[in-house]
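Visitor: Pasting in a structure now, in structure tokens, and then I'll have a few things to ask.
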Amino acid sequence: MKKSRRGIKNALSLGDPLEWERQFRARCEGEELAIQALHRLEEVGLGDACRRLLWEYSRGQGCFEHIQHGVGLIVANLEAYDRAERVWKSKSNDRRAQLFRQRFDGAARVLMETPWPFHNPAIRTFGDLFRLTCSEDLFNLRKVRALVGRSKLSFMLVMLRVGAEAHAVSLSGNELAALAYCASGRGLDSGAVRRILREPWVAAAEPWYRTVFENCYCRACR
């Protein structure tokens with residue numbers, strides 16, 4: 001059985017949030033779509049969560065690589081957990097059944113102690129989030145990770161859209177592109193955003209995105 005892994009890269013420095021906020025607000029002044037979208041988000045109490053996510057989006061490839069590495073580590077430990085569970089259950093009548101149970105317990109412990117790669121001081125590990133949500137969707141990360149990898153940072157815009165829709169706020173591709181520009185200062189083709197939103201992986205990943213948005217962005221801002 002492969003050894004479960006615990007480590008993760010050092011915490012990512014995202015820079016000064018106050019300076020980013022100033023630049024974000026300044027760009028929003030010239031983007032009517034962004035202002036309208038932000039206003040609707042603020043009306044339902046999602047303004048802080050939205051800005052927090054967009055702040056991470058603005059950090060670019062470094063933030064994406066950090067999150068991908070962290071999710072990859074969780075996926076590896078999920079796979080080790082599944083293997084240990086299958087072996088333990090298939091060997092229940094084996095004279096070494098207690099040993100297999102101990103290995104399963106160890107794999108479960110390592111999984112729950114695996115660092116959670118999104119930025120929320122209240123959620124340090126996979127186990128922290130699982131205990132808060134008891135969501136089985138977290139165990140589908142292995143399926144989501146490969147799909148997310150193709151979208152690069154755009155998955156954060158999809159997460160914002162899914163999270164907003166859970167609060168009855170609908171964001172168009174044009175509005176997401178405008179918010180992305182205001183966050184990063186980098187232009188983003190609204191047509192490309194709309195194409196991403198139509199991809200099959202978006203619907204498949206929605207429950208997971210909703211869980212992450214509610215617990216790693218909304219909860220962080222309460």
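Identifiers for the structure tokens are assigned positionally: chains receive A, B, ... in sequence, residues are indexed from 1 per chain, and ligands are indexed from 1 in the order shown.
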Please identify all polymer residues within 7 Å of stretch 67-74 of chain A, counting only C-alpha atoms, omitting same-chain residues fewer than 3 positions from it, and present them as a list in words.
Guide: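 Residues near the query, excluding close chain neighbours: Arg5, Ile8, Cys63, Phe64, Asn77, Leu78, Leu111, Thr114, Trp116, Pro117 and Phe118 of chain A.
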Visitor: Could you turn the residues from that selection into a file that holds N, CA and C atoms, as a short mmCIF file (atom, residue, chain, number, x, y, z; two decimals), in the first residue's frame?
Guide:
```
data_model
loop_
_atom_site.label_atom_id
_atom_site.label_comp_id
_atom_site.auth_asym_id
_atom_site.auth_seq_id
_atom_site.Cartn_x
_atom_site.Cartn_y
_atom_site.Cartn_z
N ARG A 5 0.45 10.75 2.39
CA ARG A 5 1.33 11.91 2.50
C ARG A 5 0.66 13.01 3.32
N ILE A 8 2.73 19.73 2.63
CA ILE A 8 2.22 20.68 1.66
C ILE A 8 3.23 21.81 1.57
N CYS A 63 -1.10 31.19 -7.05
CA CYS A 63 -2.22 30.74 -6.23
C CYS A 63 -2.81 29.46 -6.80
N PHE A 64 -2.94 29.40 -8.12
CA PHE A 64 -3.49 28.19 -8.75
C PHE A 64 -2.62 26.98 -8.45
N ASN A 77 -4.24 11.14 -0.64
CA ASN A 77 -4.59 10.55 0.65
C ASN A 77 -6.00 9.95 0.65
N LEU A 78 -6.89 10.49 -0.19
CA LEU A 78 -8.19 9.86 -0.38
C LEU A 78 -8.03 8.47 -1.00
N LEU A 111 -5.62 11.36 6.28
CA LEU A 111 -6.53 12.10 5.40
C LEU A 111 -7.13 13.29 6.14
N THR A 114 -4.74 16.16 6.60
CA THR A 114 -4.14 16.77 5.41
C THR A 114 -4.51 18.25 5.33
N TRP A 116 -5.77 21.84 4.29
CA TRP A 116 -6.74 22.34 3.31
C TRP A 116 -6.11 23.54 2.61
N PRO A 117 -6.03 23.55 1.27
CA PRO A 117 -5.21 24.55 0.58
C PRO A 117 -5.85 25.92 0.39
N PHE A 118 -7.17 26.05 0.66
CA PHE A 118 -7.79 27.35 0.53
C PHE A 118 -7.57 28.16 1.80
#
```
Visitor: Please list as a list in words every residue within 6 Å of stretch 152-164 of chain A, counting only C-alpha atoms and excluding residues in the same chain fewer than 3 positions away.
Guide: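 Counting only C-alpha atoms, the residues come to Gly149, His167, Val169, Leu171, Tyr209, Arg210 and Phe213 of chain A.
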Visitor: Counting only C-alpha atoms, what is within 12 Å of A:Arg51, bar same-chain residues fewer than 6 positions away, as a PyMOL selection string?
Guide: chain A and resi 17-18+20-25+28+34+37-39+41-42+45+57-58+156-157+160+179-180+182-184+217-218+220-221
Visitor: Report the distance between atom CA of A:Ile196 and atom CA of A:Asp137 in Å, rounded to one decimal place.
Guide: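 These two atoms are separated by 21.5 Å.
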Visitor: Near A:Met112, within 9 Å and counting only C-alpha atoms, which residues show up once chain neighbours fewer than 2 positions away are dropped, as a ChimeraX atom specification?
Guide: /A:107-110,114-115,125-128,130
Visitor: What is the distance between atom CA of A:Leu188 and atom CA of A:Leu54, in Å to one decimal?
Guide: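 Computing the Euclidean distance for atom CA of A:Leu188 and atom CA of A:Leu54 yields 13.6 Å.
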Visitor: Please report, as number ranges by chain, each residue of stretch 25-219 of chain A to which DSSP assigns alpha helix (DSSP H) when run on this structure's backbone.
Guide: A: 25-28, 32-43, 47-58, 61-90, 97-113, 126-133, 141-151, 154-165, 173-184, 190-197, 200-213
